[in-house]
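Structure first, commentary second.
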Amino acid sequence: MVSQEQRRRQLAREKFLRQQQRRTQARRKTRTRNAVIASVLGVVLVGSLALYTTGTLKGDDDKSNAGAEVTPSAEATSKAPDPCDKPAKGDVETMSWKKEPAVTIDKSAKYTMKLATTCGDIDIDLKASAAPHTVNSFDFLAGKGYFDHTSCHRLTTNGIYVLQCGDPTGQGTGGPGYTIPDENLKDKSLKGDTYPKGTVAMANQFDASSGQGRDSGGSQFFLVYEDSPLPPNYTPFGTVSEAGMKVLEKIAAAGENTGAGDGAPNATVVINKATVSES
């Protein structure tokens, strides 16, 4: 017999998959419309923006995740006080590479990542042996200062509970120019199609309805501050420390700016400095 909790999780998963499909269809329509306009006007488009999060967690997704079909109330849209400090001085540097960096980390070693944010430090234990391409990429990008001064652009507070970061544009459409393969999708922690509290995972372009978009992770990632019902499509590559969880919970408590459960965080969440260290 299915319990109420299992039924609740099932309904939540189905809801987000439907939302994912609608978002994918909307993006396709937009791309088609823009292509027609470009051909009529004779405009040559140089370059393109890569969406590094598709599915529930995306970068228009992966603004990653989860819009809720809820009409915001007056109470829901009231903005909580900003619990975070002003960002450190400095600007986001535009960086891009044509291919994934060679894997140079020691897969048997222990690595940690520190996100020194305006809201407090978030320390993350990285899973180098289970997700070497992902951890190597973060080691590379952090060493280049890629994440420094970037904002965490998305907070979901309804159905799934994540903070999404790693986009230098702050809009959910940016990436490093290369993609990395999906890894560790059979991690033992992902039981019952749930990403547990404290998980750090990659956003990507995977479309569950078509099965397209595997191995499309870039630089965007999400931090889970409460158990979230999601299928195992997003590389889990780290775990947030206990102290880091308190920072995430503070950010989540301030809410997001739409009142509908999916928007920019009300808290000013900026990564002043990201560092990856081998211990």
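In the structure tokens, each chain is lettered A, B, ... as it comes, each chain's residues begin at 1, and ligands are numbered from 1 in order of appearance.
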Near segment 118-128 of chain A, within 6 Å and counting only C-alpha atoms, which residues show up once chain neighbours fewer than 2 positions away are dropped, as an MDAnalysis selection string? chainID A and resid 84:85 87 107 111:116 130:132 135 237:241 244 247 269:270
Closest pair table for segment 79-159 of chain A residues within 9 Å of segment 167-178 of chain A, only C-alpha atoms, as a tab-separated table:
```
residue	atom	partner	partner_atom	distance
A:Val92	CA	A:Pro168	CA	6.5
A:Glu93	CA	A:Pro168	CA	7.9
A:Thr94	CA	A:Pro168	CA	7.5
A:Met95	CA	A:Pro176	CA	6.6
A:Ser96	CA	A:Pro176	CA	4.8
A:Trp97	CA	A:Gly177	CA	5.1
A:Lys98	CA	A:Gly177	CA	5.7
A:Lys99	CA	A:Tyr178	CA	5.0
A:Glu100	CA	A:Tyr178	CA	5.5
A:Pro101	CA	A:Tyr178	CA	8.8
A:Leu141	CA	A:Pro176	CA	8.3
A:Tyr146	CA	A:Pro168	CA	7.6
A:Phe147	CA	A:Pro168	CA	6.9
A:Asp148	CA	A:Pro168	CA	8.7
A:His149	CA	A:Pro168	CA	8.3
A:Thr150	CA	A:Pro168	CA	5.4
A:Ser151	CA	A:Gly170	CA	5.8
A:Cys152	CA	A:Gly170	CA	7.0
A:His153	CA	A:Gly170	CA	5.4
A:Arg154	CA	A:Gly172	CA	7.9
```
Non-local contacts of segment 190-194 of chain A (7 Å; only C-alpha atoms; under 6 positions in same chain excluded) as a PDB file with N, CA and C atoms, in the first residue's frame:
```
ATOM      1  N   ASP A 227      15.316  17.840   1.698  1.00  0.00           N
ATOM      2  CA  ASP A 227      15.097  16.691   0.810  1.00  0.00           C
ATOM      3  C   ASP A 227      14.169  17.074  -0.341  1.00  0.00           C
ATOM      4  N   SER A 228      14.593  16.748  -1.571  1.00  0.00           N
ATOM      5  CA  SER A 228      13.846  17.173  -2.756  1.00  0.00           C
ATOM      6  C   SER A 228      13.581  16.004  -3.702  1.00  0.00           C
ATOM      7  N   PRO A 229      12.316  15.789  -4.081  1.00  0.00           N
ATOM      8  CA  PRO A 229      11.978  14.693  -4.990  1.00  0.00           C
ATOM      9  C   PRO A 229      12.398  15.011  -6.424  1.00  0.00           C
ATOM     10  N   LEU A 230      13.456  14.360  -6.873  1.00  0.00           N
ATOM     11  CA  LEU A 230      13.972  14.542  -8.229  1.00  0.00           C
ATOM     12  C   LEU A 230      14.493  13.202  -8.739  1.00  0.00           C
ATOM     13  N   PRO A 231      14.298  12.919 -10.016  1.00  0.00           N
ATOM     14  CA  PRO A 231      14.869  11.696 -10.579  1.00  0.00           C
ATOM     15  C   PRO A 231      16.388  11.838 -10.653  1.00  0.00           C
ATOM     16  N   PRO A 232      17.125  10.744 -10.650  1.00  0.00           N
ATOM     17  CA  PRO A 232      18.591  10.804 -10.641  1.00  0.00           C
ATOM     18  C   PRO A 232      19.182  11.167 -11.999  1.00  0.00           C
TER      19      PRO A 232
END
```
DSSP alpha helix (DSSP H) residues within segment 85-270 of chain A, as JSON, numbers by chain: {"A": [132, 133, 134, 135, 136, 137, 138, 139, 140, 141, 142, 143, 242, 243, 244, 245, 246, 247, 248, 249, 250, 251, 252, 253]}
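Shortest atom-to-atom contact with Gly213 of chain A among A:Ile271, A:Ile180, A:Ala252, A:Ala243: A:Ile180, counting only C-alpha atoms.
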Backbone DSSP call of strand (DSSP E) for segment 92-199 of chain A, listed as an MDAnalysis selection string: chainID A and resid 111:117 120:126 150:151 154:156 162:165 194:195 199
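With distances restricted to only C-alpha atoms, A:Pro81 is the closest residue to Glu256 of chain A from A:Gly218, A:Gly198, A:Pro81, A:Gly166.
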